[in-house]
Amino acid sequence: MENVAVISLGCDKNRIDTEHMLYRLVQGGFAVSDVGDADVIIVNTCAFIESAREESIDTILGYAELKKTGNCKKLIVTGCLPQKYRDELVKALPEVDAFLGTYEYENIVDIVKGNEIEREESDSEAVATGNAESDDNVFYQAENCGRLLTTYPHVAYLKIAEGCNNKCTFCTIPSIRGAYRSRPIADIYAEAEKLSADGVKELILVAQDVSRYGCDIGSSLVELLNELEKLPVMIRLLYCYPERITDALIEKIAASDKIAKYIDIPIQHCSEKILKLMNRKTSRSALEKLIKKLHAHGIVVRTTLMVGFPGETQKEFDELCAFVNKVKPEYAGVFAYSKEDDTPSAWLPGQVKKSDKVKRVNALGRVCAAVTKEFNAKQVGKTLRVMYEDVDFDKNMFVGRADFQAPDVDGVVYIKGSGLEVGKYYDVEITKSTRYDLYGKIVSKN
């Protein structure tokens, strides 16, 4: 039996694709192993922005060296990078044995076994360009395949849609992942039900735009949540665009004991000038009203902010900093605009110098960190419901997450206690806070 290792780069949607590949490989008779023991190494790549492409290429080159000196006999590259740049990669990376795009994962077993696969435009390329009537079937078949989770066994990401129709001027996703396509509720529920039966306690709904769910199939996100609430799991929402967060959705989150009081909203900016240049469908006043309403319903907000977009001067940047201090999103990720040659924003005047982008990322990061620190300080003295999931041996403490903390991107709760079981909830009294994390002690076990 050959050993296969898969390295997954990029977003949570990519992680799900990796998990589908791992399942297919195990079903095909391969064993999953560490890279050092692998006969075959697969790199599932990201191509969203320049830094992601650089990471993907560096990773591929690193494993190409391992292929020369280690056990690895075959190197395969999958995902967004070959989906968008296959022809260039074939020429530039002769060390790679095969390339698969984002809608060719069903071929992974044949590729690893060395079988020839006939590429047809109607599968992979047509999905990305939206030219084939079979687009939906390709996506549905891929998502309805089994998965081998790479997360903690009690947490799973659940992809509810693929592609994007928003046409933000800085984004390459539509050219890689195609038009927006919602999965049928029945398919999503069936996968969620199986994950729950396998021990998953928290389902994290992801798509390029979760809040758009159902617009193409006569359904809605609230309808989907109504169905998923029937399962004994906590549901978390990521990547909800602000203009589609309705009062009905807010009320559903606030009223449900199955949905985390948490929502991720990638707002990118607040300046009317920059929002228009980005082709975003919202305004500063609408964003302020939305976040105020979410906070009034007890819902914690995570957001993503972009600095250095073409046309952003110090004035617009100062406006963004003031906005953060006013609306106080509890968590925020800050990143610099990346000029992508095949996007409309690449041709805009007023491109910002790299050095200024770096300064703005750091400055806004400090503003956002201060808001998070303030929020954390308010948790001291409260008793929170915390899911235990790991151990920090350096601190000699258990590690868990409150409902307002998503995996990997937000802080954690360090816990003093004993006899804890992974994936279970505990009441934790918060005794200390830092800029990102909380500390507490067990007061009761649910």
# chains A, B, ... in the order shown; residues from 1 in each chain; ligands from 1
$ closest_atom_pairs --of "stretch 259-342 of chain A" --to "stretch 172-186 of chain A" --cutoff "12 Å" --atoms "only C-alpha atoms" --output "CSV"
residue,atom,partner,partner_atom,distance
A:Ser338,CA,A:Thr172,CA,10.7
A:Lys339,CA,A:Thr172,CA,10.5
A:Glu340,CA,A:Thr172,CA,7.6
A:Asp341,CA,A:Thr172,CA,9.5
A:Asp342,CA,A:Thr172,CA,7.5
$ residues_around --residues "A:Cys72" --least-positions-apart "5" --cutoff "6 Å" --atoms "only C-alpha atoms" --output "PyMOL selection string"
chain A and resi 38-40+67
$ select_by_dssp --residues "stretch 252-384 of chain A" --states "strand (DSSP E or B)" --output "ChimeraX atom specification"
/A:259-268,300-307,331-336,383-384
$ closest_residue --among "A:Ala346, A:Val380, A:Val361, A:Cys171" --to "A:Ala332" --atoms "only C-alpha atoms"
A:Val361
$ closest_residue --among "A:Phe48, A:Gly199, A:Leu22, A:Phe30" --to "A:Gly10" --atoms "only C-alpha atoms"
A:Phe48
$ residues_around --residues "A:Tyr426" --least-positions-apart "4" --cutoff "12 Å" --atoms "only C-alpha atoms" --output "list in words"
Thr383, Leu384, Arg385, Val386, Met387, Tyr388, Glu389, Phe398, Val399, Gly400, Arg401, Ala402, Asp403, Val413, Ile415, Lys416, Gly417, Ser418, Gly419, Leu420, Glu421, Val422, Gly440, Lys441, Ile442, Val443, Ser444, Lys445 and Asn446 of chain A
$ closest_residue --among "A:His20, A:Lys281, A:His297, A:Lys230" --to "A:Ile263" --atoms "only C-alpha atoms"
A:His297
$ closest_residue --among "A:Gln405, A:Ser271, A:Thr431, A:Thr69" --to "A:Asp318" --atoms "only C-alpha atoms"
A:Ser271
$ residues_around --residues "A:Met278" --least-positions-apart "6" --cutoff "8 Å" --atoms "only C-alpha atoms" --output "ChimeraX atom specification"
/A:168-170,345
$ write_last_selection --atoms "all heavy atoms" --output "PDB file, in the first residue's frame"
ATOM      1  N   CYS A 168     -16.440  41.950  -7.161  1.00  0.00           N
ATOM      2  CA  CYS A 168     -15.597  42.969  -6.544  1.00  0.00           C
ATOM      3  C   CYS A 168     -14.402  43.204  -7.462  1.00  0.00           C
ATOM      4  O   CYS A 168     -13.838  42.248  -8.008  1.00  0.00           O
ATOM      5  CB  CYS A 168     -15.133  42.513  -5.163  1.00  0.00           C
ATOM      6  SG  CYS A 168     -16.488  42.230  -3.997  1.00  0.00           S
ATOM      7  N   THR A 169     -13.995  44.448  -7.627  1.00  0.00           N
ATOM      8  CA  THR A 169     -13.001  44.766  -8.656  1.00  0.00           C
ATOM      9  C   THR A 169     -11.605  44.263  -8.340  1.00  0.00           C
ATOM     10  O   THR A 169     -10.738  44.284  -9.214  1.00  0.00           O
ATOM     11  CB  THR A 169     -12.942  46.286  -8.885  1.00  0.00           C
ATOM     12  OG1 THR A 169     -12.591  46.944  -7.647  1.00  0.00           O
ATOM     13  CG2 THR A 169     -14.267  46.814  -9.389  1.00  0.00           C
ATOM     14  N   PHE A 170     -11.382  43.808  -7.097  1.00  0.00           N
ATOM     15  CA  PHE A 170     -10.054  43.337  -6.708  1.00  0.00           C
ATOM     16  C   PHE A 170      -9.943  41.819  -6.691  1.00  0.00           C
ATOM     17  O   PHE A 170      -8.862  41.277  -6.443  1.00  0.00           O
ATOM     18  CB  PHE A 170      -9.691  43.856  -5.312  1.00  0.00           C
ATOM     19  CG  PHE A 170     -10.707  43.512  -4.251  1.00  0.00           C
ATOM     20  CD1 PHE A 170     -10.697  42.286  -3.623  1.00  0.00           C
ATOM     21  CD2 PHE A 170     -11.687  44.425  -3.905  1.00  0.00           C
ATOM     22  CE1 PHE A 170     -11.646  41.957  -2.667  1.00  0.00           C
ATOM     23  CE2 PHE A 170     -12.636  44.114  -2.933  1.00  0.00           C
ATOM     24  CZ  PHE A 170     -12.618  42.878  -2.312  1.00  0.00           C
ATOM     25  N   SER A 345      -9.454  46.449 -10.813  1.00  0.00           N
ATOM     26  CA  SER A 345      -8.762  47.404  -9.944  1.00  0.00           C
ATOM     27  C   SER A 345      -7.298  47.583 -10.314  1.00  0.00           C
ATOM     28  O   SER A 345      -6.669  48.581  -9.931  1.00  0.00           O
ATOM     29  CB  SER A 345      -8.874  46.966  -8.484  1.00  0.00           C
ATOM     30  OG  SER A 345      -8.201  45.736  -8.278  1.00  0.00           O
TER      31      SER A 345
END
